[in-house]
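**Q** Please find one structure pasted underneath; my questions will follow.
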Amino acid sequence: MTVRQAIQDVTDRIAARSRDSRRDYLNRLDAAKEQGVYRAALSCGNLAHGFAACSPAEKAAIAGNKALNLGIVTSYNDMLSAHQPYQFYPDIIKEAAREIGATAQVAGGVPAMCDGVTQGQPGMDLSLFSRDVIAMSTAIALSHNMFDAAVYLGICDKIVPGLVIGALAFGHLPAVFIPAGPMPSGIPNDEKSKVRQLYAEGKVGRAELLEAESKSYHSPGTCTFYGTANSNQMLMEIMGLHLPGASFVNPGTPLRDALTREATKRALSLTSLGNNYTPIGHILDEKAFVNGLVGLHATGGSTNHTMHLIAMAAAAGIQITWDDMSDLSDATPLLARVYPNGVADVNHFHAAGGMGFLIKELLAGGYLHEDVKTVWGTGLSGYTVEAKLGEAGGLAFEPSPEESALPKVLTGVREPFQQTGGLKLLSGNLGRSVIKVSAVKDEHRVIEARARVFHGQEGLQRAFKAGELDGDMIAVVRFSGPKALGMPELHNLTPPLSVLQGRGFKVALVTDGRMSGASGKVPAAIHMTPEAVDGGPISKIRDGDLIRLDANEGTLTFLGDEKEFFSRTPATEDLRSQHFGMGRELFAGFRAMVGLADKGASVFG
């Protein structure tokens, strides 16, 4: 299969840019492989501590250093609906390992916070930083060096990227990511969105809003809209770290358990002690990351991955830029309409043909690299299937359908929803930012209006409730970047801005903060770099400045006397009161070290 030239050109320049850093990473990986698993080198005291809680049979197997030992890194907690099903996975994994003469141990847990719980709350300031904490927690879990391979249990926003970064620090080990699946569909997404807007307008009360939200988020499993969590699952499959068809099978089903058992056996088949050694550091190369970016654009995925994928790639010695992302978006058709890019949810996407159909179409159109390594042991063509439950309760795989069962939700490359992808880079005299255009109607993609400046999202919300926002405007919400506050999501701004747009006003948002992976129909230039606390141009904007946002051309521009604009003294804000409480004081070092949004907003340099 031949990949399109535009895709190949971006892949080639990523490889050329990353040549030295990728070589250094692979050299470290090879050195770690040569050293091997240290169980044989551990002192008796070390080893005794490592298997003290195991059964006698497991102790004998581990002590003999012949049986394979699988590490489980889990993000289980029973507060997150997406992660609650992981409670039972270690038992399933251990049983599957025993069936092939191996052992498995829970190597460690990683924190897992929910942005849905912390939206608009002080805890949201820890959200982005939790990704790098998870990476470090993963490294601690694996630092005992007791394992020949590892499986990773994680779903949501920062958790999967953090697990990937941590796994790549142990890139010589095979790694399989095991999802838990989405909850069944609740109330329709357009109904939920309508209730949110009515609440923002004061037309329904908290009881009605809570009832609607509870009917939407109602059971174990991932939230069903296409935000960062489900974008994560798409990425893990299209980048070859899931089993084929694994991403969107509902939790608590026989098929879900069969996929988990097979993932365990697959991870143990890829170790350096066999003939099919496939470590994660070899799987995640520049082609795999380009495939992930193409999948993100083709599905209208989360804007958060404009940072996460850069940080994940850097952990493998690969250097990706926003320009790479933008060029791939220009070359990739949009094939999925899942809320907030439509009214359907991921269960409808899966029923329409899901990942197997999507990958088949993108391969046939020349948008993906087929010649990649995967945990399934095939190129990417091995993922053009649907996972089914076989007669004996095991897995069976069937070819993906020739046509989408729901063409308004998932379509083919011959009839895309639009010719370009869901994300766009914006640049101009105000800096650089990204925008999710897949949910924005054509008539809203270009806006020229006066600025209304707020230092934080609370100011905009107060102005809306006071009835002060009654015309066209570009809302500028600053001092919300990584160094300022930890880059909280500003998803709570979506309902009031949507109300204003619904009243016929031309409205857009410009911010150095984030919007949710569920960024919707209001045009939002987010991740603005340089951020306000660094004196970026966003810190010089004043109320009444004329700004033009053109998502079609990819520009964000101050219209006026540029010399006068850049001579202005940057605005400042005393943020000290927002650096304490809810654990935020513990992250002062992170705020000091964090990099720019277009470099991944990472504390790892």
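Just remember, in the structure tokens the first chain shown is A, the second B, etc., residues are 1-based per chain, and ligands are 1-based in the order shown.
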Find the spatial neighbours of region 292-297 of chain A, counting only C-alpha atoms, within a cut-off of 6 Å - ignore same-chain residues fewer than 3 positions away - and output them as a ChimeraX atom specification.
**A** /A:235,239,289,300-301,329,421-422
**Q** For region 423-435 of chain A, please output as a list of chain:residue names all residues within 6 Å (counting only C-alpha atoms; exclusion window: fewer than 4 positions along the same chain).
**A**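 Listing them by chain and then by number gives A:Ser326, A:Ala524, A:Ala525, A:Ile526, A:His527, A:Met528, A:Thr529, A:Pro537, A:Gly554, A:Thr555, A:Leu556, A:Thr557.
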**Q** Write out as a ChimeraX atom specification all residues of region 203-318 of chain A that DSSP puts in alpha helix (DSSP H) for this structure's backbone.
**A** /A:206-216,228-238,254-268,280-283,286-299,305-315
**Q** Show me, as a list in words, the residues that have an atom within 8 Å of Leu163 (chain A) when counting only C-alpha atoms, minus same-chain residues fewer than 2 positions from it.
**A**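 The residues satisfying every condition are Ile134, Ala135, Thr138, Tyr152, Gly154, Ile159, Val160, Pro161, Ile165, Gly166 and Ala167 of chain A.
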**Q** Would you export the selected residues with C-alpha atoms as a PDB file, in the first residue's frame, please?
**A**
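Full text of part.pdb as output:
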ATOM      1  CA  ILE A 134       1.495   9.472  35.882  1.00  0.00           C
ATOM      2  CA  ALA A 135       4.589   9.017  33.708  1.00  0.00           C
ATOM      3  CA  THR A 138       4.733   4.356  35.859  1.00  0.00           C
ATOM      4  CA  TYR A 152      -1.259  -0.825  30.998  1.00  0.00           C
ATOM      5  CA  GLY A 154      -5.855   3.329  31.513  1.00  0.00           C
ATOM      6  CA  ILE A 159      -3.762   8.966  31.934  1.00  0.00           C
ATOM      7  CA  VAL A 160      -3.047   7.217  28.649  1.00  0.00           C
ATOM      8  CA  PRO A 161      -0.488   9.835  27.520  1.00  0.00           C
ATOM      9  CA  ILE A 165       5.503   8.334  28.326  1.00  0.00           C
ATOM     10  CA  GLY A 166       6.298   6.112  31.298  1.00  0.00           C
ATOM     11  CA  ALA A 167       6.226   2.962  29.174  1.00  0.00           C
TER      12      ALA A 167
END
**Q** When you draw a straight line from CA of Ala316 (chain A) to CA of Arg22 (chain A), how long is it in Å?
**A**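 About the pair CA of Ala316 (chain A) and CA of Arg22 (chain A): they are 6.7 Å apart.
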**Q** Quick one: residues within 10 Å of Leu368 (chain A), only C-alpha atoms, excluding same-chain residues fewer than 3 positions away - as a short mmCIF file (atom, residue, chain, number, x, y, z; two decimals) with N, CA and C atoms, in the first residue's frame?
**A**
data_model
loop_
_atom_site.label_atom_id
_atom_site.label_comp_id
_atom_site.auth_asym_id
_atom_site.auth_seq_id
_atom_site.Cartn_x
_atom_site.Cartn_y
_atom_site.Cartn_z
N MET A 1 0.84 -1.19 0.00
CA MET A 1 0.00 0.00 0.00
C MET A 1 0.88 1.25 0.00
N THR A 2 0.58 2.16 -0.91
CA THR A 2 1.37 3.37 -1.05
C THR A 2 0.72 4.51 -0.30
N VAL A 3 1.52 5.21 0.49
CA VAL A 3 0.98 6.33 1.24
C VAL A 3 1.05 7.59 0.38
N ARG A 4 0.11 8.49 0.56
CA ARG A 4 0.08 9.73 -0.22
C ARG A 4 1.34 10.56 0.02
N ILE A 7 1.44 12.90 3.07
CA ILE A 7 1.65 12.18 4.33
C ILE A 7 3.11 11.77 4.45
N GLN A 8 3.65 11.27 3.35
CA GLN A 8 5.05 10.83 3.36
C GLN A 8 6.00 12.00 3.60
N ILE A 238 -4.97 2.67 16.52
CA ILE A 238 -4.41 3.00 15.21
C ILE A 238 -2.88 3.06 15.25
N LYS A 287 6.42 6.70 11.90
CA LYS A 287 5.25 6.29 11.12
C LYS A 287 4.05 6.06 12.03
N ALA A 288 4.28 5.46 13.18
CA ALA A 288 3.18 5.22 14.12
C ALA A 288 2.58 6.53 14.60
N VAL A 290 2.64 9.45 13.01
CA VAL A 290 1.91 10.05 11.89
C VAL A 290 0.56 9.36 11.73
N ASN A 291 0.53 8.03 11.87
CA ASN A 291 -0.76 7.32 11.81
C ASN A 291 -1.70 7.82 12.89
N GLY A 292 -1.17 8.03 14.09
CA GLY A 292 -2.00 8.54 15.17
C GLY A 292 -2.56 9.92 14.85
N LEU A 293 -1.72 10.79 14.30
CA LEU A 293 -2.18 12.14 13.95
C LEU A 293 -3.22 12.10 12.84
N VAL A 294 -3.03 11.25 11.86
CA VAL A 294 -4.03 11.12 10.79
C VAL A 294 -5.35 10.64 11.38
N GLY A 295 -5.30 9.66 12.28
CA GLY A 295 -6.52 9.19 12.93
C GLY A 295 -7.20 10.28 13.72
N THR A 332 -5.82 15.35 5.31
CA THR A 332 -6.62 14.23 5.81
C THR A 332 -8.10 14.56 5.78
N ILE A 359 -9.87 2.39 9.74
CA ILE A 359 -8.50 2.08 9.33
C ILE A 359 -8.48 1.54 7.90
N LYS A 360 -9.44 0.70 7.57
CA LYS A 360 -9.50 0.16 6.20
C LYS A 360 -9.64 1.28 5.18
N GLU A 361 -10.53 2.23 5.46
CA GLU A 361 -10.74 3.33 4.53
C GLU A 361 -9.50 4.22 4.40
N LEU A 362 -8.89 4.53 5.53
CA LEU A 362 -7.71 5.40 5.50
C LEU A 362 -6.54 4.70 4.81
N LEU A 363 -6.40 3.40 5.00
CA LEU A 363 -5.36 2.66 4.29
C LEU A 363 -5.63 2.65 2.79
N ALA A 364 -6.87 2.38 2.42
CA ALA A 364 -7.21 2.32 1.00
C ALA A 364 -6.99 3.66 0.31
N GLY A 365 -7.19 4.74 1.06
CA GLY A 365 -6.98 6.06 0.48
C GLY A 365 -5.55 6.54 0.51
N ASP A 371 3.06 -0.31 6.83
CA ASP A 371 4.27 -1.06 7.19
C ASP A 371 4.81 -0.61 8.54
N VAL A 372 4.03 -0.87 9.59
CA VAL A 372 4.43 -0.52 10.95
C VAL A 372 4.40 -1.79 11.80
N LEU A 380 -0.53 -2.59 9.79
CA LEU A 380 -1.81 -1.99 10.17
C LEU A 380 -2.99 -2.65 9.47
N SER A 381 -2.75 -3.35 8.38
CA SER A 381 -3.85 -4.04 7.71
C SER A 381 -4.47 -5.11 8.60
#
**Q** Can you list, as a VMD selection string, every residue of region 167-397 of chain A that DSSP puts in strand (DSSP E)?
**A** chain A and resid 175 to 178 385 to 389 395 to 397
**Q** What does the file look like for those residues with N, CA and C atoms, as a PDB file, in the first residue's frame?
**A**
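See again.pdb below for the written result:
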ATOM      1  N   ALA A 175       4.749  -3.824  25.491  1.00  0.00           N
ATOM      2  CA  ALA A 175       3.668  -3.130  26.201  1.00  0.00           C
ATOM      3  C   ALA A 175       2.381  -3.289  25.411  1.00  0.00           C
ATOM      4  N   VAL A 176       1.342  -3.722  26.090  1.00  0.00           N
ATOM      5  CA  VAL A 176       0.013  -3.767  25.492  1.00  0.00           C
ATOM      6  C   VAL A 176      -0.904  -2.930  26.365  1.00  0.00           C
ATOM      7  N   PHE A 177      -1.671  -2.045  25.734  1.00  0.00           N
ATOM      8  CA  PHE A 177      -2.636  -1.211  26.448  1.00  0.00           C
ATOM      9  C   PHE A 177      -4.003  -1.890  26.381  1.00  0.00           C
ATOM     10  N   ILE A 178      -4.660  -1.963  27.536  1.00  0.00           N
ATOM     11  CA  ILE A 178      -5.927  -2.690  27.634  1.00  0.00           C
ATOM     12  C   ILE A 178      -7.016  -1.718  28.051  1.00  0.00           C
ATOM     13  N   VAL A 385     -10.388  -5.171  10.948  1.00  0.00           N
ATOM     14  CA  VAL A 385     -11.271  -6.272  11.339  1.00  0.00           C
ATOM     15  C   VAL A 385     -12.162  -5.830  12.489  1.00  0.00           C
ATOM     16  N   GLU A 386     -13.157  -6.660  12.795  1.00  0.00           N
ATOM     17  CA  GLU A 386     -13.996  -6.488  13.966  1.00  0.00           C
ATOM     18  C   GLU A 386     -13.774  -7.668  14.899  1.00  0.00           C
ATOM     19  N   ALA A 387     -13.644  -7.395  16.178  1.00  0.00           N
ATOM     20  CA  ALA A 387     -13.489  -8.459  17.171  1.00  0.00           C
ATOM     21  C   ALA A 387     -14.865  -9.005  17.539  1.00  0.00           C
ATOM     22  N   LYS A 388     -14.965 -10.317  17.527  1.00  0.00           N
ATOM     23  CA  LYS A 388     -16.213 -10.995  17.876  1.00  0.00           C
ATOM     24  C   LYS A 388     -15.916 -12.080  18.904  1.00  0.00           C
ATOM     25  N   LEU A 389     -16.961 -12.610  19.520  1.00  0.00           N
ATOM     26  CA  LEU A 389     -16.831 -13.718  20.450  1.00  0.00           C
ATOM     27  C   LEU A 389     -17.035 -15.013  19.690  1.00  0.00           C
ATOM     28  N   LEU A 395     -11.740 -15.405  21.147  1.00  0.00           N
ATOM     29  CA  LEU A 395     -11.853 -14.312  20.185  1.00  0.00           C
ATOM     30  C   LEU A 395     -11.918 -14.830  18.763  1.00  0.00           C
ATOM     31  N   ALA A 396     -12.685 -14.129  17.972  1.00  0.00           N
ATOM     32  CA  ALA A 396     -12.708 -14.358  16.531  1.00  0.00           C
ATOM     33  C   ALA A 396     -12.682 -12.986  15.863  1.00  0.00           C
ATOM     34  N   PHE A 397     -12.122 -12.935  14.679  1.00  0.00           N
ATOM     35  CA  PHE A 397     -12.022 -11.663  13.974  1.00  0.00           C
ATOM     36  C   PHE A 397     -12.634 -11.799  12.593  1.00  0.00           C
TER      37      PHE A 397
END
**Q** Mind checking which residues fall within 9 Å of Pro90 (chain A), counting only C-alpha atoms, ignoring those fewer than 5 positions away in the same chain, and posting them as number ranges by chain?
**A** A: 72, 74, 95, 104-106
**Q** Select, from A:Ser498, A:Thr118, A:Thr511, A:Ser75, the residue with the minimum atom-to-atom distance to Gln197 (chain A), counting only C-alpha atoms.
**A**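 When distances to Gln197 (chain A) are compared using only C-alpha atoms, the smallest one comes from A:Ser498.
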**Q** Residues near Gln84 (chain A), anyone? I mean within 10 Å using only C-alpha atoms, not counting same-chain ones fewer than 6 positions away, as a list in words.
**A** Ser75, Tyr76, Asn77, Asp78, Ala180, Ser219, Pro220, Gly221, Thr222 and Pro251 of chain A
**Q** Please, could you write that set of residues out with N, CA and C atoms as a compact mmCIF listing (two decimals), in the first residue's frame?
**A**
# COMPACT_ATOMS: atom_id res chain seq x y z
N SER A 75 -4.55 2.14 36.61
CA SER A 75 -5.07 3.43 37.06
C SER A 75 -6.44 3.25 37.70
N TYR A 76 -6.69 2.05 38.21
CA TYR A 76 -7.99 1.76 38.82
C TYR A 76 -8.31 2.71 39.97
N ASN A 77 -9.49 3.25 39.95
CA ASN A 77 -10.18 3.72 41.16
C ASN A 77 -11.67 3.61 40.88
N ASP A 78 -12.48 3.61 41.91
CA ASP A 78 -13.91 3.41 41.68
C ASP A 78 -14.70 4.71 41.75
N ALA A 180 -11.07 -0.40 28.85
CA ALA A 180 -12.22 -0.94 29.57
C ALA A 180 -13.52 -0.72 28.81
N SER A 219 -23.20 5.07 34.19
CA SER A 219 -22.80 3.70 34.52
C SER A 219 -21.29 3.57 34.38
N PRO A 220 -20.73 2.41 34.78
CA PRO A 220 -19.29 2.20 34.53
C PRO A 220 -18.98 2.28 33.04
N GLY A 221 -17.78 2.77 32.74
CA GLY A 221 -17.34 2.91 31.36
C GLY A 221 -16.97 4.34 31.03
N THR A 222 -16.33 4.50 29.91
CA THR A 222 -15.91 5.82 29.45
C THR A 222 -17.12 6.66 29.08
N PRO A 251 -17.83 -2.35 28.72
CA PRO A 251 -17.31 -3.10 29.86
C PRO A 251 -18.32 -4.14 30.36
**Q** Considering only C-alpha atoms, return as a PDB file with N, CA and C atoms, in the first residue's frame whatever protein or nucleic-acid residues lie within 7 Å of Ala96 (chain A), sequence-local ones (same chain, fewer than 5 positions apart) excluded.
**A**
ATOM      1  N   ARG A 261      -8.051 -11.145  28.183  1.00  0.00           N
ATOM      2  CA  ARG A 261      -7.255 -12.374  28.284  1.00  0.00           C
ATOM      3  C   ARG A 261      -6.269 -12.483  27.124  1.00  0.00           C
ATOM      4  N   THR A 264      -3.294 -10.137  27.407  1.00  0.00           N
ATOM      5  CA  THR A 264      -2.295 -10.658  28.346  1.00  0.00           C
ATOM      6  C   THR A 264      -1.356 -11.632  27.644  1.00  0.00           C
ATOM      7  N   LYS A 265      -1.929 -12.579  26.949  1.00  0.00           N
ATOM      8  CA  LYS A 265      -1.117 -13.592  26.268  1.00  0.00           C
ATOM      9  C   LYS A 265      -0.277 -12.955  25.157  1.00  0.00           C
TER      10      LYS A 265
END
